[in-house]
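Report on the following structure.
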Amino acid sequence: VKTDQPPSHRASRAVLVLSVLALGVAGVLLVVHFQLIDRLVAISEDLLNHARRSVAAGR
Amino acid sequence: MPIVLAVLAAIVGIALYVYLSILAFIFIAMPLSMVGVVLGLLVGAGIALYRATAVLVGTDQDTPVRTPAEVVAGKLAGRVPARQIRRDFAWPNYFFVQVRLDLWRIGLRSAATVEQMWVNRAKEVVGWDYRVLLCIWPLLLAALAFLLGVAAGNVMILLVLVVVFGLVTGLAWLLGLLAVGLLRAFDHAWQKVFRAHASCPRCYAVTDLPAYRCPGQHPRQGRHADMDLHRNIRPGRLGVLWRVCGCGRRLPTTVLRASRVLSAQCPTCGQKLHKGAAVSTDVRIPVFGAASAGKTHLIMSALVALLRAEPGNDTSVSLADEHAERMFRGYARTLDSGGSAPKTDASQQPIAVTVRMQDGRRRWPLQRRRSTLMHVFDAAGEALSDPVQNARYAYLDNARTLAYVLDPFSIPGIRDSYAANFTEIFAAANAAAEHPELSYQTTAQRLRDHGVRTKRQRLAFVVSKSDLLARLPMDDPPGTGSTPVRSWLIDNQLDNLVKAAERDFDTVAYFLVSAMGTTYEGGAFEPFRWLLADEPVRMPDIPTPEPPAPLAGRVPGSRAAESSADPAPSPGPGRGSKP
């Protein structure tokens, strides 16, 4: 590991690493977020259809 | 017939091969290629991320680094002002140059790895038999898709890195520029408001930006090459709040902060400057006049009076350097023994005698105590009269305040009237031989020749040797205060000199002083008090001397009344003035 560079360089590089990680985490969270929404929409539609069928059956 | 059969068999074989190939393409090559692309993307992304980590964590030993030595050698963008000579021996800010080198290294290393994969696979395939190739081409297609995926994944991650690095660097630049602007503006505003400069007592250079020497560990040859000297400590490319010297020592970046912990030096001649230079109010007072006019005596008496007084407020007065202490000891010894000052050596460049006035008040915690450095320059009258020598006295150009000393015994009217009958007094006065007007005009002309705007300067017009003057039985002796002294000069045919002084300078005040005393009552400090009154200086609370009785009627030989300077001379008619 290079040790002759000043601590400020290491700190700046750490900021860059954290930024890349933050971007990755944000990307994953975004994907999970949209999948979760899709799943919730599907569940809602299922429930709605079930309710409609129940109404149609007169129950 | 056999030929026909052979051709037929070939056609069937080719058709079968094509049929099988189509099946292999659909059922083997396509699915494998899809998997290959996905795998390739992941591998390519992994390669780029691995390379980025190696460079950023520091395990990649071959990453190019912009070192302080390269900074000194000029490998940093931007113009270097001529007075700075070269960039300082310090690490450049990471986001100014190193981030670009790191990103370039990540790109190069990633591309090299991907290229190596392509080259290795191509070399393997080229060596294969064509029949093998004809058999396994669907697999090769999948391998090709994998390699394309690797390249695409690599490029994608590199693009993401470019965007992230660009955003972080842009943000760092934005905040950095803002901080640099604010810090520089604060430094500049402080110096403007408090008229703070750094002036070299030896080469007379005046600057707002002294050079600072790093106290860290530097090799001897580095010190000889001034590698430890930081000529531009201001925030910038080499650091915003702090900079790291090539030796590894962390240094503050603004003049205000650097002056507290670092030793300042003159950027022109390398002379060590006073502590607080460029942060303390800087007042330069050249004293000029004919040889034997009493310049040195005036300075001696004023400084001894100032240093020996006990200020009524919490402003302390001290000598700023070793030279000043040495000079002061000589001054005090001379005055205490009642002797005369030795003749100033015309062959030597005058060195300023510097006094520090420190305001003891501190209105809030951590507030910086304000201080003032008063530099008094005393040059030999002969040197001032010599245009070749006085051209080197650059301190005259940079002063806002000057003091002109006139020997009343050199006024032709006084000399003609009394010299013959009062030889003893004239001998004691050691009267200046040069005509007062000539001694004034020589320096005034020198100032004009060097483009000095004297109309912005204040002049204390000091008539010296009042104790000896009091011994002459004059019908119309000079009174006390600026106006009477001015009138007395006009009455003694020095109206041209008075007019010239008032035409040349913004404000002129007149003083009648005896410089034989060692206390404030001698009045020798009064011209300096008046000159300092227009500066942002908290003066030590030293009482003004009591106005003495009129000179006329005194017993000849008495030297009790040492001054008749106006305690607080109002510039009166001298201000900008027309008689």
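Each chain of the structure tokens is named A, B, ... in the order shown, its residues numbered from 1; ligands are numbered from 1 in display order.
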**OP:** Enumerate as a ChimeraX atom specification the residues belonging to chain A that approach chain B to within 12 Å, with only C-alpha atoms taken into account.
**Re:** /A:1-24,27
Convert the current residue selection to file output with N, CA and C atoms, as a tab-separated table (two decimals), in the first residue's frame.
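Saved result, again20.tsv, follows:
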```tsv
chain	number	residue	atom	x	y	z
A	1	VAL	N	0.85	-1.19	0.00
A	1	VAL	CA	0.00	0.00	0.00
A	1	VAL	C	0.89	1.24	0.00
A	2	LYS	N	0.53	2.20	-0.84
A	2	LYS	CA	1.33	3.43	-0.89
A	2	LYS	C	1.14	4.21	0.41
A	3	THR	N	2.22	4.60	1.03
A	3	THR	CA	2.09	5.32	2.30
A	3	THR	C	2.68	6.72	2.21
A	4	ASP	N	3.31	7.04	1.09
A	4	ASP	CA	4.00	8.33	1.04
A	4	ASP	C	3.07	9.49	0.69
A	5	GLN	N	1.86	9.17	0.30
A	5	GLN	CA	0.95	10.26	-0.05
A	5	GLN	C	0.29	10.81	1.22
A	6	PRO	N	-0.14	12.07	1.16
A	6	PRO	CA	-0.69	12.66	2.38
A	6	PRO	C	-2.04	12.05	2.74
A	7	PRO	N	-2.42	12.15	4.01
A	7	PRO	CA	-3.69	11.59	4.46
A	7	PRO	C	-4.89	12.16	3.70
A	8	SER	N	-4.75	13.40	3.24
A	8	SER	CA	-5.88	14.01	2.52
A	8	SER	C	-6.18	13.26	1.23
A	9	HIS	N	-5.15	12.70	0.59
A	9	HIS	CA	-5.38	11.91	-0.62
A	9	HIS	C	-6.16	10.65	-0.28
A	10	ARG	N	-5.77	10.01	0.82
A	10	ARG	CA	-6.48	8.79	1.22
A	10	ARG	C	-7.93	9.11	1.56
A	11	ALA	N	-8.11	10.23	2.23
A	11	ALA	CA	-9.47	10.62	2.60
A	11	ALA	C	-10.30	10.90	1.35
A	12	SER	N	-9.70	11.58	0.37
A	12	SER	CA	-10.43	11.90	-0.86
A	12	SER	C	-10.79	10.62	-1.61
A	13	ARG	N	-9.85	9.66	-1.62
A	13	ARG	CA	-10.14	8.38	-2.30
A	13	ARG	C	-11.25	7.63	-1.56
A	14	ALA	N	-11.22	7.72	-0.24
A	14	ALA	CA	-12.28	7.06	0.53
A	14	ALA	C	-13.63	7.67	0.19
A	15	VAL	N	-13.65	8.97	-0.02
A	15	VAL	CA	-14.90	9.64	-0.41
A	15	VAL	C	-15.38	9.08	-1.75
A	16	LEU	N	-14.44	8.88	-2.68
A	16	LEU	CA	-14.82	8.34	-4.00
A	16	LEU	C	-15.35	6.91	-3.87
A	17	VAL	N	-14.68	6.09	-3.06
A	17	VAL	CA	-15.14	4.71	-2.87
A	17	VAL	C	-16.54	4.71	-2.27
A	18	LEU	N	-16.73	5.53	-1.26
A	18	LEU	CA	-18.05	5.60	-0.61
A	18	LEU	C	-19.11	6.09	-1.59
A	19	SER	N	-18.72	7.02	-2.46
A	19	SER	CA	-19.69	7.52	-3.45
A	19	SER	C	-20.11	6.41	-4.40
A	20	VAL	N	-19.12	5.61	-4.85
A	20	VAL	CA	-19.45	4.50	-5.76
A	20	VAL	C	-20.34	3.49	-5.04
A	21	LEU	N	-19.99	3.18	-3.79
A	21	LEU	CA	-20.80	2.24	-3.02
A	21	LEU	C	-22.22	2.78	-2.83
A	22	ALA	N	-22.29	4.05	-2.51
A	22	ALA	CA	-23.60	4.67	-2.28
A	22	ALA	C	-24.44	4.59	-3.54
A	23	LEU	N	-23.78	4.79	-4.67
A	23	LEU	CA	-24.51	4.71	-5.94
A	23	LEU	C	-25.02	3.29	-6.17
A	24	GLY	N	-24.17	2.31	-5.88
A	24	GLY	CA	-24.57	0.91	-6.05
A	24	GLY	C	-25.74	0.56	-5.15
A	27	GLY	N	-28.84	2.10	-6.37
A	27	GLY	CA	-29.36	1.37	-7.53
A	27	GLY	C	-30.12	0.13	-7.12
```
**OP:** Show which residues sit within 10 Å of Leu229 (chain B), as a PyMOL selection string. Count only C-alpha atoms, and ignore same-chain residues fewer than 3 positions away.
**Re:** chain B and resi 88-89+211-215+222-223+225-226+232-233+245+263-265+267+270
Polymer residues at most 6 Å from Val463 (chain B), only C-alpha atoms, same-chain spacing of 3 or more positions, as a PDB file with all heavy atoms, in the first residue's frame:
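around.pdb written:
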```pdb
ATOM      1  N   VAL B 405      13.074  66.828   9.045  1.00  0.00           N
ATOM      2  CA  VAL B 405      13.708  67.516  10.176  1.00  0.00           C
ATOM      3  C   VAL B 405      14.506  68.709   9.660  1.00  0.00           C
ATOM      4  O   VAL B 405      15.326  68.562   8.738  1.00  0.00           O
ATOM      5  CB  VAL B 405      14.632  66.556  10.957  1.00  0.00           C
ATOM      6  CG1 VAL B 405      15.274  67.274  12.135  1.00  0.00           C
ATOM      7  CG2 VAL B 405      13.852  65.350  11.440  1.00  0.00           C
ATOM      8  N   LEU B 406      14.203  69.845  10.221  1.00  0.00           N
ATOM      9  CA  LEU B 406      14.875  71.075   9.804  1.00  0.00           C
ATOM     10  C   LEU B 406      15.691  71.612  10.983  1.00  0.00           C
ATOM     11  O   LEU B 406      15.181  71.739  12.098  1.00  0.00           O
ATOM     12  CB  LEU B 406      13.833  72.107   9.355  1.00  0.00           C
ATOM     13  CG  LEU B 406      14.345  73.447   8.850  1.00  0.00           C
ATOM     14  CD1 LEU B 406      13.442  73.951   7.744  1.00  0.00           C
ATOM     15  CD2 LEU B 406      14.406  74.491   9.963  1.00  0.00           C
ATOM     16  N   PHE B 511       6.147  71.096  14.008  1.00  0.00           N
ATOM     17  CA  PHE B 511       6.525  70.813  15.401  1.00  0.00           C
ATOM     18  C   PHE B 511       7.845  71.510  15.708  1.00  0.00           C
ATOM     19  O   PHE B 511       8.716  71.603  14.848  1.00  0.00           O
ATOM     20  CB  PHE B 511       6.711  69.309  15.618  1.00  0.00           C
ATOM     21  CG  PHE B 511       5.481  68.506  15.325  1.00  0.00           C
ATOM     22  CD1 PHE B 511       5.198  68.103  14.024  1.00  0.00           C
ATOM     23  CD2 PHE B 511       4.595  68.163  16.323  1.00  0.00           C
ATOM     24  CE1 PHE B 511       4.068  67.379  13.747  1.00  0.00           C
ATOM     25  CE2 PHE B 511       3.464  67.435  16.052  1.00  0.00           C
ATOM     26  CZ  PHE B 511       3.185  67.032  14.755  1.00  0.00           C
ATOM     27  N   LEU B 512       7.942  71.961  16.931  1.00  0.00           N
ATOM     28  CA  LEU B 512       9.213  72.487  17.416  1.00  0.00           C
ATOM     29  C   LEU B 512       9.661  71.558  18.537  1.00  0.00           C
ATOM     30  O   LEU B 512       8.951  71.386  19.532  1.00  0.00           O
ATOM     31  CB  LEU B 512       9.020  73.908  17.947  1.00  0.00           C
ATOM     32  CG  LEU B 512      10.271  74.599  18.460  1.00  0.00           C
ATOM     33  CD1 LEU B 512      11.275  74.815  17.333  1.00  0.00           C
ATOM     34  CD2 LEU B 512       9.909  75.952  19.076  1.00  0.00           C
TER      35      LEU B 512
END
```
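You will find CA of Val162 (chain B) at 17.3 Å from CA of Ala26 (chain A).
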Original post:
Among chain A, which residues carry a DSSP assignment of helix (DSSP H, G or I), reported as a PyMOL selection string?
Top reply: chain A and resi 7-56
Would you output that residue set with N, CA and C atoms, as a compact mmCIF listing (two decimals), in the first residue's frame?
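The result, written out as part-v5.txt:
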```
# COMPACT_ATOMS: atom_id res chain seq x y z
N PRO A 7 -2.42 12.15 4.01
CA PRO A 7 -3.69 11.59 4.46
C PRO A 7 -4.89 12.16 3.70
N SER A 8 -4.75 13.40 3.24
CA SER A 8 -5.88 14.01 2.52
C SER A 8 -6.18 13.26 1.23
N HIS A 9 -5.15 12.70 0.59
CA HIS A 9 -5.38 11.91 -0.62
C HIS A 9 -6.16 10.65 -0.28
N ARG A 10 -5.77 10.01 0.82
CA ARG A 10 -6.48 8.79 1.22
C ARG A 10 -7.93 9.11 1.56
N ALA A 11 -8.11 10.23 2.23
CA ALA A 11 -9.47 10.62 2.60
C ALA A 11 -10.30 10.90 1.35
N SER A 12 -9.70 11.58 0.37
CA SER A 12 -10.43 11.90 -0.86
C SER A 12 -10.79 10.62 -1.61
N ARG A 13 -9.85 9.66 -1.62
CA ARG A 13 -10.14 8.38 -2.30
C ARG A 13 -11.25 7.63 -1.56
N ALA A 14 -11.22 7.72 -0.24
CA ALA A 14 -12.28 7.06 0.53
C ALA A 14 -13.63 7.67 0.19
N VAL A 15 -13.65 8.97 -0.02
CA VAL A 15 -14.90 9.64 -0.41
C VAL A 15 -15.38 9.08 -1.75
N LEU A 16 -14.44 8.88 -2.68
CA LEU A 16 -14.82 8.34 -4.00
C LEU A 16 -15.35 6.91 -3.87
N VAL A 17 -14.68 6.09 -3.06
CA VAL A 17 -15.14 4.71 -2.87
C VAL A 17 -16.54 4.71 -2.27
N LEU A 18 -16.73 5.53 -1.26
CA LEU A 18 -18.05 5.60 -0.61
C LEU A 18 -19.11 6.09 -1.59
N SER A 19 -18.72 7.02 -2.46
CA SER A 19 -19.69 7.52 -3.45
C SER A 19 -20.11 6.41 -4.40
N VAL A 20 -19.12 5.61 -4.85
CA VAL A 20 -19.45 4.50 -5.76
C VAL A 20 -20.34 3.49 -5.04
N LEU A 21 -19.99 3.18 -3.79
CA LEU A 21 -20.80 2.24 -3.02
C LEU A 21 -22.22 2.78 -2.83
N ALA A 22 -22.29 4.05 -2.51
CA ALA A 22 -23.60 4.67 -2.28
C ALA A 22 -24.44 4.59 -3.54
N LEU A 23 -23.78 4.79 -4.67
CA LEU A 23 -24.51 4.71 -5.94
C LEU A 23 -25.02 3.29 -6.17
N GLY A 24 -24.17 2.31 -5.88
CA GLY A 24 -24.57 0.91 -6.05
C GLY A 24 -25.74 0.56 -5.15
N VAL A 25 -25.64 0.94 -3.88
CA VAL A 25 -26.71 0.66 -2.92
C VAL A 25 -28.00 1.35 -3.37
N ALA A 26 -27.85 2.59 -3.83
CA ALA A 26 -29.03 3.33 -4.29
C ALA A 26 -29.66 2.62 -5.48
N GLY A 27 -28.84 2.10 -6.37
CA GLY A 27 -29.36 1.37 -7.53
C GLY A 27 -30.12 0.13 -7.12
N VAL A 28 -29.55 -0.63 -6.21
CA VAL A 28 -30.20 -1.86 -5.72
C VAL A 28 -31.53 -1.51 -5.05
N LEU A 29 -31.46 -0.48 -4.19
CA LEU A 29 -32.69 -0.08 -3.49
C LEU A 29 -33.77 0.37 -4.47
N LEU A 30 -33.34 1.01 -5.54
CA LEU A 30 -34.31 1.48 -6.54
C LEU A 30 -34.99 0.30 -7.22
N VAL A 31 -34.18 -0.69 -7.58
CA VAL A 31 -34.74 -1.87 -8.24
C VAL A 31 -35.70 -2.59 -7.29
N VAL A 32 -35.25 -2.79 -6.04
CA VAL A 32 -36.10 -3.46 -5.04
C VAL A 32 -37.38 -2.67 -4.85
N HIS A 33 -37.22 -1.36 -4.82
CA HIS A 33 -38.36 -0.48 -4.62
C HIS A 33 -39.41 -0.68 -5.72
N PHE A 34 -38.94 -0.70 -6.98
CA PHE A 34 -39.89 -0.85 -8.10
C PHE A 34 -40.50 -2.25 -8.10
N GLN A 35 -39.71 -3.26 -7.76
CA GLN A 35 -40.25 -4.62 -7.71
C GLN A 35 -41.30 -4.75 -6.61
N LEU A 36 -41.03 -4.09 -5.52
CA LEU A 36 -41.98 -4.11 -4.41
C LEU A 36 -43.30 -3.45 -4.83
N ILE A 37 -43.18 -2.36 -5.54
CA ILE A 37 -44.39 -1.67 -6.01
C ILE A 37 -45.18 -2.58 -6.96
N ASP A 38 -44.42 -3.22 -7.88
CA ASP A 38 -45.08 -4.14 -8.81
C ASP A 38 -45.82 -5.24 -8.04
N ARG A 39 -45.16 -5.76 -7.03
CA ARG A 39 -45.75 -6.85 -6.25
C ARG A 39 -47.00 -6.36 -5.53
N LEU A 40 -46.92 -5.17 -4.95
CA LEU A 40 -48.07 -4.62 -4.23
C LEU A 40 -49.24 -4.37 -5.19
N VAL A 41 -48.92 -3.89 -6.39
CA VAL A 41 -49.98 -3.65 -7.38
C VAL A 41 -50.66 -4.98 -7.73
N ALA A 42 -49.82 -6.02 -7.92
CA ALA A 42 -50.38 -7.33 -8.27
C ALA A 42 -51.28 -7.85 -7.15
N ILE A 43 -50.85 -7.72 -5.91
CA ILE A 43 -51.66 -8.17 -4.77
C ILE A 43 -52.97 -7.38 -4.71
N SER A 44 -52.87 -6.08 -4.94
CA SER A 44 -54.07 -5.24 -4.91
C SER A 44 -55.06 -5.67 -5.98
N GLU A 45 -54.52 -5.95 -7.18
CA GLU A 45 -55.40 -6.38 -8.28
C GLU A 45 -56.07 -7.72 -7.95
N ASP A 46 -55.30 -8.62 -7.35
CA ASP A 46 -55.86 -9.92 -6.95
C ASP A 46 -57.02 -9.72 -5.97
N LEU A 47 -56.77 -8.88 -4.98
CA LEU A 47 -57.80 -8.63 -3.97
C LEU A 47 -59.05 -8.00 -4.59
N LEU A 48 -58.78 -7.07 -5.53
CA LEU A 48 -59.89 -6.38 -6.19
C LEU A 48 -60.73 -7.37 -7.01
N ASN A 49 -60.01 -8.21 -7.74
CA ASN A 49 -60.73 -9.22 -8.55
C ASN A 49 -61.53 -10.16 -7.67
N HIS A 50 -60.89 -10.53 -6.56
CA HIS A 50 -61.58 -11.43 -5.62
C HIS A 50 -62.86 -10.77 -5.10
N ALA A 51 -62.75 -9.48 -4.80
CA ALA A 51 -63.91 -8.75 -4.28
C ALA A 51 -65.01 -8.66 -5.34
N ARG A 52 -64.56 -8.39 -6.57
CA ARG A 52 -65.56 -8.29 -7.67
C ARG A 52 -66.31 -9.62 -7.84
N ARG A 53 -65.51 -10.67 -7.79
CA ARG A 53 -66.14 -11.99 -7.97
C ARG A 53 -67.13 -12.28 -6.84
N SER A 54 -66.75 -11.88 -5.66
CA SER A 54 -67.63 -12.09 -4.51
C SER A 54 -68.94 -11.31 -4.66
N VAL A 55 -68.78 -10.06 -5.15
CA VAL A 55 -69.97 -9.22 -5.35
C VAL A 55 -70.86 -9.85 -6.42
N ALA A 56 -70.17 -10.30 -7.51
CA ALA A 56 -70.95 -10.89 -8.61
C ALA A 56 -71.67 -12.15 -8.15
```
